[in-house]
Amino acid sequence: MSEALNNNCETCPVHQTTYLKKLGVNMENWDYVLALAGNPNTGKSTVFNALTGLRQHTGNWPGKTVTRAEGGFDYQQKRYKIVDLPGTYSLLSTSTDEEVARDFILFGKPDVTVVVMDATRIERNLNLTLQVLEITDRLVVCLNLMDEAKRHQLQINDRQLSRELGVPVIPASIRRGDGIKELLNAIHEVANGLYICRPHRIVSGSKPLKSAVNQLVEKIENRFPGISNARWVALRLLEGDPRIIEAVKDGELQELIQPAAQSVLT
Amino acid sequence: MKNINTTSEDILTTANRLRWELGENLHDTLTESIYQDAAGISENVVSVKDEKPRFNWDHALDLLLTSRWTGFPIMFIMLAVVFWLTISGANIPSAMISSVLIDSLYPALKDLTVSIGFPWWLSGLLVDGMYLAMAWVIGVMLPPMAIFFPLFTLLEDFGYLPRVAFNLDSLFKRAGAHGKQALTMAMGFGCNAAGVIATRVIDSPRERLIAIITNNFAICNGRWPTQILIASLFIGIMVPPALAGLVSAAAVVGIALLGVFLTFVTSWGLSRTILRGEASTFSLELPPYRPPRIWQTLYTSLIDRTLFVLWRAVVFALPAGAVIWLSANIHIDNLSLAEHFIRFTDPFAVLIGLNGVILLAYVIAIPANEIVIPTILMLTVLSLKVSGIGEGAGVMFELEDYHTYTQLFHAAGWTLLTAVNLMLFSLVHNPCSTTIYTIYKETKSIRWTAVSTFLPLIMGLVLCFLVAQFWRLFVV
């Protein structure tokens, strides 16, 4: 009887957060890499600090985190290394901070990317979320600042948002500590393949564009079998993005496929 | 199974061909489709409760702080208050640190090295040279930084800085530079190295370079003391004592504003010559105002910025201290290296309204501008061979009261022109070595580092030369 009760407790996510061990800058022997992306002023650094116990400076200034900060935590016997990326509005243009964020999400091969969204500015924040979703399909949305949204009389249907995006959406007010356990649980599920994301794909424009993308996607998938974001790579190539052209040329893209391929197997 | 052997080359050539077929506005089309999707999803997800919104503080504050009429005055007042708090608040802790490091610890260290039998040159090099330079840098630099950076961070936390950028954007745009340069310039008033790092927020490489090169025109912490001292000594004494404080403060603010003016002029010049191009547009979100978290801000700005910048300054000040001591104590033909240099450069220095002592001080003080005044004093005494003042060759010191300063400077032939030009040269000269090193780290280019170093130096020499010539023609 008591054993059964214990078992119940151990599988319950509420119980598990008590096992969140904030590891600060101790990031040795990590099992998973977690990337933290989001617009400026969404509370990304607050999420980072809540998970790692570090006190990275949080500032109300776009471009605050100009280099990436790293920290670690331990949850359900798995060690996570968490990388706080610069806050950006987009991944399309070529400013330094957007490049840092883009390159890490693509070439850093994070096991899970958490996009922190400002619940009071969903439409603007979605621009970035949709772009990240084109690059990686292992995503968790942390819908932060829900308390502010309430204050501004906004009602947000987070389940609908989760359906539209095809990824877990966790409403939260990290400042006050609301939603941390749910966020951890969602990260855990996506990292361990318990939740398979079905990412939203951006509907892009005209017929010639679609056919051009399809032609390229076919070639890319042929050259890099198992690639999960061929469509995005195709669009970047059509735009002439030098970093991606380089990655295709020297075959670096091939190396990016491994973690995704593993997750399909398990 | 066709295309079984698709190569990377194949992909790229196809992409190239298709890119030409699709034409130019692909980027816009893509951006548009992202926006459309975002709008569609957001419409399905967000709804607004049907209630009358409460009074909106953010909006009301924005109307005031970014208004065409009140925005600029409020900005000047805010910055003036920050500077005033920094300058006046730093005096007491500065004096306290100096009394510990220089009045108590310095003689103790000196005695210690003597008692354990160090040769005179070793104790001179280590204690008189390196230790004293480090003590100076800490004493002069730490208190203002420990006040300025937290104040700045509080404004940043509150959400005011993006409004400053918003206000100044049109001015910078007219100069062909980026609106966010307002932020990096403001950082530069604390420390140019920090300002250069802050330029990472600027997207386009062209505009970032402009911001890096012109950051030096924001007077940093290390240069405020020079400005304030010289203004009080030479400009303050020209008016009745009651007005002296006000007039010398106005002179310093005038120099700071001249720096801002030079920032615009130089940005304008650069964006029309070697860094030609249009100012890029950028979207700057005016973030909601949030009450700043005072304790956390104090903690993080002390750790992140103050100690970080201070540490680097100390690292650069140590070798500078050694050089100062050596230059005053290595003798060739009965004259020290410093005296040789001063005699050699004096004719040229007088031509630009300065003197050899000031030039040498600026060469030696490249690692840290805060040791300019102590070095000038030490070298002036050395070259005048005044007895009874100072501590000996190669020992930096500060005088007890302004009166002694004035006497010493007049004995060394200083005039109002020397003072004005010293203030100008302190504003417009090469960045300190910490900043130069940071510029190199940020740009990864020797060429741009050289431009950032020599452009202001040449501008400063030309400016001083012109002022000196006009002065001699019209004033004296």
# chains A, B, ... in the order shown; residues from 1 in each chain; ligands from 1
>>> residues_around(residues="Ala349 in chain B", least_positions_apart="5", cutoff="9 Å", atoms="only C-alpha atoms", output="mmCIF file with N, CA, C and O atoms, in the first residue's frame")
data_model
loop_
_atom_site.group_PDB
_atom_site.id
_atom_site.type_symbol
_atom_site.label_atom_id
_atom_site.label_comp_id
_atom_site.auth_asym_id
_atom_site.auth_seq_id
_atom_site.Cartn_x
_atom_site.Cartn_y
_atom_site.Cartn_z
ATOM 1 N N LEU B 354 49.851 73.087 -25.819
ATOM 2 C CA LEU B 354 50.032 72.231 -24.636
ATOM 3 C C LEU B 354 51.489 72.366 -24.199
ATOM 4 O O LEU B 354 52.142 73.338 -24.519
ATOM 5 N N ASN B 355 51.998 71.401 -23.468
ATOM 6 C CA ASN B 355 53.444 71.367 -23.246
ATOM 7 C C ASN B 355 53.937 69.931 -23.183
ATOM 8 O O ASN B 355 53.139 68.989 -23.182
ATOM 9 N N GLY B 356 55.245 69.780 -23.167
ATOM 10 C CA GLY B 356 55.843 68.454 -23.249
ATOM 11 C C GLY B 356 55.405 67.535 -22.123
ATOM 12 O O GLY B 356 55.219 66.329 -22.317
ATOM 13 N N VAL B 357 55.198 68.127 -20.948
ATOM 14 C CA VAL B 357 54.781 67.329 -19.796
ATOM 15 C C VAL B 357 53.433 66.669 -20.076
ATOM 16 O O VAL B 357 53.244 65.468 -19.835
ATOM 17 N N ILE B 358 52.491 67.459 -20.610
ATOM 18 C CA ILE B 358 51.152 66.918 -20.875
ATOM 19 C C ILE B 358 51.229 65.804 -21.913
ATOM 20 O O ILE B 358 50.607 64.744 -21.762
ATOM 21 N N LEU B 359 52.013 66.042 -22.972
ATOM 22 C CA LEU B 359 52.126 65.016 -24.017
ATOM 23 C C LEU B 359 52.679 63.724 -23.438
ATOM 24 O O LEU B 359 52.151 62.641 -23.693
#
>>> closest_atom_pairs(of="chain B", to="chain A", cutoff="7 Å", atoms="only C-alpha atoms", output="JSON lines")
{"residue": "B:Ile4", "atom": "CA", "partner": "A:Asn222", "partner_atom": "CA", "distance": 6.9}
{"residue": "B:Thr6", "atom": "CA", "partner": "A:Arg223", "partner_atom": "CA", "distance": 5.5}
{"residue": "B:Thr7", "atom": "CA", "partner": "A:Arg223", "partner_atom": "CA", "distance": 6.2}
{"residue": "B:Ser8", "atom": "CA", "partner": "A:Lys249", "partner_atom": "CA", "distance": 5.5}
{"residue": "B:Glu9", "atom": "CA", "partner": "A:Lys249", "partner_atom": "CA", "distance": 6.8}
{"residue": "B:Ile11", "atom": "CA", "partner": "A:Lys219", "partner_atom": "CA", "distance": 6.2}
{"residue": "B:Ala15", "atom": "CA", "partner": "A:Leu238", "partner_atom": "CA", "distance": 5.6}
{"residue": "B:Leu18", "atom": "CA", "partner": "A:Ala212", "partner_atom": "CA", "distance": 6.3}
{"residue": "B:Arg19", "atom": "CA", "partner": "A:Leu238", "partner_atom": "CA", "distance": 5.2}
{"residue": "B:Leu22", "atom": "CA", "partner": "A:Leu209", "partner_atom": "CA", "distance": 6.9}
{"residue": "B:His27", "atom": "CA", "partner": "A:Glu239", "partner_atom": "CA", "distance": 6.8}
{"residue": "B:Thr29", "atom": "CA", "partner": "A:Gly205", "partner_atom": "CA", "distance": 6.6}
{"residue": "B:Leu30", "atom": "CA", "partner": "A:Ser204", "partner_atom": "CA", "distance": 6.5}
{"residue": "B:Ser33", "atom": "CA", "partner": "A:Ser204", "partner_atom": "CA", "distance": 5.6}
{"residue": "B:Ile34", "atom": "CA", "partner": "A:Asn127", "partner_atom": "CA", "distance": 6.1}
{"residue": "B:Tyr35", "atom": "CA", "partner": "A:Asn127", "partner_atom": "CA", "distance": 6.3}
{"residue": "B:Asp37", "atom": "CA", "partner": "A:Ile202", "partner_atom": "CA", "distance": 6.6}
{"residue": "B:Ala38", "atom": "CA", "partner": "A:Leu126", "partner_atom": "CA", "distance": 5.4}
{"residue": "B:Ala39", "atom": "CA", "partner": "A:Glu123", "partner_atom": "CA", "distance": 5.7}
{"residue": "B:Ile41", "atom": "CA", "partner": "A:Glu164", "partner_atom": "CA", "distance": 6.9}
{"residue": "B:Ser42", "atom": "CA", "partner": "A:Glu123", "partner_atom": "CA", "distance": 5.2}
{"residue": "B:Val45", "atom": "CA", "partner": "A:Asn157", "partner_atom": "CA", "distance": 5.1}
{"residue": "B:Val46", "atom": "CA", "partner": "A:Ile156", "partner_atom": "CA", "distance": 4.7}
{"residue": "B:Ser47", "atom": "CA", "partner": "A:Gln155", "partner_atom": "CA", "distance": 5.2}
{"residue": "B:Val48", "atom": "CA", "partner": "A:Leu154", "partner_atom": "CA", "distance": 4.7}
{"residue": "B:Lys49", "atom": "CA", "partner": "A:Gln153", "partner_atom": "CA", "distance": 5.3}
{"residue": "B:Glu156", "atom": "CA", "partner": "A:Asn60", "partner_atom": "CA", "distance": 5.9}
{"residue": "B:Asp157", "atom": "CA", "partner": "A:Asn60", "partner_atom": "CA", "distance": 4.7}
{"residue": "B:Phe158", "atom": "CA", "partner": "A:Asn60", "partner_atom": "CA", "distance": 6.8}
{"residue": "B:Gly159", "atom": "CA", "partner": "A:Asn60", "partner_atom": "CA", "distance": 5.6}
{"residue": "B:Pro162", "atom": "CA", "partner": "A:Trp61", "partner_atom": "CA", "distance": 6.6}
{"residue": "B:Arg200", "atom": "CA", "partner": "A:Val66", "partner_atom": "CA", "distance": 6.5}
{"residue": "B:Val201", "atom": "CA", "partner": "A:Gly63", "partner_atom": "CA", "distance": 5.2}
{"residue": "B:Asp203", "atom": "CA", "partner": "A:Ser95", "partner_atom": "CA", "distance": 4.1}
{"residue": "B:Ser204", "atom": "CA", "partner": "A:Ser95", "partner_atom": "CA", "distance": 6.2}
{"residue": "B:Pro287", "atom": "CA", "partner": "A:Asn41", "partner_atom": "CA", "distance": 6.9}
{"residue": "B:Thr300", "atom": "CA", "partner": "A:His57", "partner_atom": "CA", "distance": 6.0}
>>> write_last_selection(atoms="N, CA and C atoms", output="compact mmCIF listing (two decimals), in the first residue's frame")
# COMPACT_ATOMS: atom_id res chain seq x y z
N ILE B 4 19.96 10.18 -57.53
CA ILE B 4 20.49 9.43 -56.39
C ILE B 4 21.78 10.03 -55.89
N THR B 6 22.79 13.28 -55.73
CA THR B 6 22.79 14.73 -55.55
C THR B 6 23.99 15.15 -54.72
N THR B 7 24.71 16.15 -55.25
CA THR B 7 25.86 16.64 -54.49
C THR B 7 25.53 18.00 -53.89
N SER B 8 26.37 18.43 -52.97
CA SER B 8 26.18 19.75 -52.37
C SER B 8 26.25 20.82 -53.45
N GLU B 9 27.21 20.64 -54.37
CA GLU B 9 27.39 21.59 -55.47
C GLU B 9 26.09 21.73 -56.25
N ILE B 11 23.03 21.15 -55.27
CA ILE B 11 22.02 21.89 -54.51
C ILE B 11 22.24 23.38 -54.66
N ALA B 15 19.90 26.18 -56.35
CA ALA B 15 19.42 27.30 -55.53
C ALA B 15 19.74 28.62 -56.21
N LEU B 18 17.36 29.12 -59.18
CA LEU B 18 16.00 29.43 -58.73
C LEU B 18 15.93 30.83 -58.14
N ARG B 19 17.01 31.24 -57.48
CA ARG B 19 17.01 32.56 -56.86
C ARG B 19 16.82 33.63 -57.93
N LEU B 22 13.20 33.65 -59.17
CA LEU B 22 12.18 34.15 -58.24
C LEU B 22 12.20 35.66 -58.11
N HIS B 27 12.57 37.93 -49.87
CA HIS B 27 12.67 38.20 -48.43
C HIS B 27 11.36 38.81 -47.90
N THR B 29 8.37 38.61 -49.25
CA THR B 29 7.29 37.63 -49.32
C THR B 29 7.32 36.72 -48.11
N LEU B 30 8.54 36.24 -47.78
CA LEU B 30 8.66 35.33 -46.64
C LEU B 30 8.24 36.01 -45.35
N SER B 33 4.58 36.31 -45.15
CA SER B 33 3.82 35.10 -44.83
C SER B 33 3.95 34.72 -43.36
N ILE B 34 5.12 35.02 -42.78
CA ILE B 34 5.27 34.77 -41.34
C ILE B 34 4.29 35.65 -40.57
N TYR B 35 4.25 36.94 -40.95
CA TYR B 35 3.35 37.86 -40.26
C TYR B 35 1.90 37.44 -40.40
N ASP B 37 0.69 34.39 -40.86
CA ASP B 37 0.43 33.23 -40.01
C ASP B 37 0.31 33.66 -38.55
N ALA B 38 1.23 34.54 -38.16
CA ALA B 38 1.22 34.99 -36.76
C ALA B 38 -0.10 35.69 -36.45
N ALA B 39 -0.54 36.54 -37.38
CA ALA B 39 -1.79 37.27 -37.17
C ALA B 39 -2.96 36.30 -37.08
N ILE B 41 -3.00 33.06 -36.24
CA ILE B 41 -2.98 32.28 -35.00
C ILE B 41 -3.40 33.15 -33.83
N SER B 42 -2.84 34.34 -33.79
CA SER B 42 -3.12 35.22 -32.67
C SER B 42 -4.61 35.54 -32.58
N VAL B 45 -6.45 32.86 -30.84
CA VAL B 45 -6.02 32.52 -29.49
C VAL B 45 -6.34 33.61 -28.46
N VAL B 46 -6.20 34.86 -28.88
CA VAL B 46 -6.31 35.96 -27.93
C VAL B 46 -7.66 36.66 -28.06
N SER B 47 -8.29 36.92 -26.95
CA SER B 47 -9.48 37.76 -26.98
C SER B 47 -9.39 38.75 -25.82
N VAL B 48 -10.04 39.88 -26.03
CA VAL B 48 -9.98 40.92 -25.01
C VAL B 48 -11.31 40.96 -24.27
N LYS B 49 -11.21 40.97 -22.97
CA LYS B 49 -12.42 41.06 -22.15
C LYS B 49 -13.09 42.39 -22.41
N GLU B 156 17.89 51.72 -16.86
CA GLU B 156 17.72 50.68 -17.86
C GLU B 156 16.59 49.72 -17.44
N ASP B 157 16.61 49.32 -16.18
CA ASP B 157 15.60 48.41 -15.65
C ASP B 157 14.22 49.02 -15.71
N PHE B 158 14.15 50.30 -15.41
CA PHE B 158 12.88 51.00 -15.39
C PHE B 158 12.30 51.09 -16.80
N GLY B 159 13.16 51.08 -17.80
CA GLY B 159 12.68 51.13 -19.18
C GLY B 159 12.92 52.48 -19.82
N PRO B 162 15.49 52.78 -23.61
CA PRO B 162 14.94 52.69 -24.96
C PRO B 162 14.25 53.98 -25.39
N ARG B 200 27.22 45.92 -29.51
CA ARG B 200 26.72 44.66 -30.08
C ARG B 200 25.21 44.71 -30.34
N VAL B 201 24.52 45.63 -29.69
CA VAL B 201 23.09 45.71 -29.94
C VAL B 201 22.79 46.32 -31.30
N ASP B 203 22.73 46.35 -35.21
CA ASP B 203 22.68 45.25 -36.16
C ASP B 203 23.68 45.37 -37.30
N SER B 204 23.65 46.52 -37.99
CA SER B 204 24.45 46.57 -39.21
C SER B 204 25.91 46.83 -38.85
N PRO B 287 9.61 49.05 -24.29
CA PRO B 287 9.12 48.02 -23.38
C PRO B 287 8.26 48.65 -22.28
N THR B 300 24.09 43.05 -9.18
CA THR B 300 24.58 42.62 -10.49
C THR B 300 25.42 43.68 -11.16
>>> closest_residue(among="B:Pro347, B:Ala133, B:Ala194, B:Val260", to="Phe316 in chain B", atoms="only C-alpha atoms")
B:Ala133
>>> atom_distance(atom1="CA of Ser248 in chain B", atom2="CA of Leu416 in chain B")
13.1 Å
>>> residues_around(residues="Ala177 in chain B", least_positions_apart="2", cutoff="12 Å", atoms="only C-alpha atoms", output="JSON, numbers by chain")
{"B": [168, 169, 170, 171, 172, 173, 174, 175, 179, 180, 181, 182, 202, 203, 204, 205, 206, 207, 208, 209, 210, 211, 212, 213, 214, 263, 264, 265, 266, 267, 268, 269, 270, 271, 272, 275, 276, 277, 278, 279, 280, 281, 282]}
>>> write_last_selection(atoms="C-alpha atoms", output="compact mmCIF listing (two decimals), in the first residue's frame")
# COMPACT_ATOMS: atom_id res chain seq x y z
CA LEU B 168 17.82 60.62 -30.31
CA ASP B 169 17.04 58.36 -33.24
CA SER B 170 16.25 61.13 -35.71
CA LEU B 171 19.48 63.00 -34.89
CA PHE B 172 21.59 59.89 -35.35
CA LYS B 173 19.73 59.03 -38.51
CA ARG B 174 20.54 62.43 -39.96
CA ALA B 175 24.19 61.68 -39.18
CA GLY B 179 19.55 55.17 -33.27
CA LYS B 180 20.79 52.64 -30.74
CA GLN B 181 24.10 54.50 -30.78
CA ALA B 182 22.41 56.76 -28.22
CA ILE B 202 23.57 47.49 -33.27
CA ASP B 203 22.68 45.25 -36.16
CA SER B 204 24.45 46.57 -39.21
CA PRO B 205 28.25 46.23 -39.19
CA ARG B 206 28.67 49.65 -40.81
CA GLU B 207 26.71 51.47 -38.14
CA ARG B 208 28.29 49.39 -35.42
CA LEU B 209 31.74 50.52 -36.56
CA ILE B 210 30.59 54.15 -36.50
CA ALA B 211 29.34 53.66 -32.96
CA ILE B 212 32.63 52.03 -31.94
CA ILE B 213 34.84 54.71 -33.50
CA THR B 214 32.84 57.60 -32.03
CA THR B 263 29.96 62.26 -32.06
CA PHE B 264 27.33 63.50 -34.50
CA VAL B 265 29.82 65.32 -36.73
CA THR B 266 32.22 62.37 -36.89
CA SER B 267 29.40 59.88 -37.50
CA TRP B 268 28.18 62.13 -40.28
CA GLY B 269 31.66 62.37 -41.76
CA LEU B 270 32.31 58.63 -41.53
CA SER B 271 29.00 57.67 -43.09
CA ARG B 272 29.83 59.88 -46.06
CA LEU B 275 31.74 53.98 -44.04
CA ARG B 276 29.33 55.12 -46.69
CA GLY B 277 25.76 53.98 -46.52
CA GLU B 278 22.22 54.73 -45.52
CA ALA B 279 21.05 54.50 -41.94
CA SER B 280 19.19 51.26 -41.50
CA THR B 281 15.76 51.21 -40.00
CA PHE B 282 15.21 49.17 -36.91
>>> closest_residue(among="A:Leu133, A:Leu36, A:Val112, A:Leu91", to="Ala69 in chain A", atoms="only C-alpha atoms")
A:Leu36
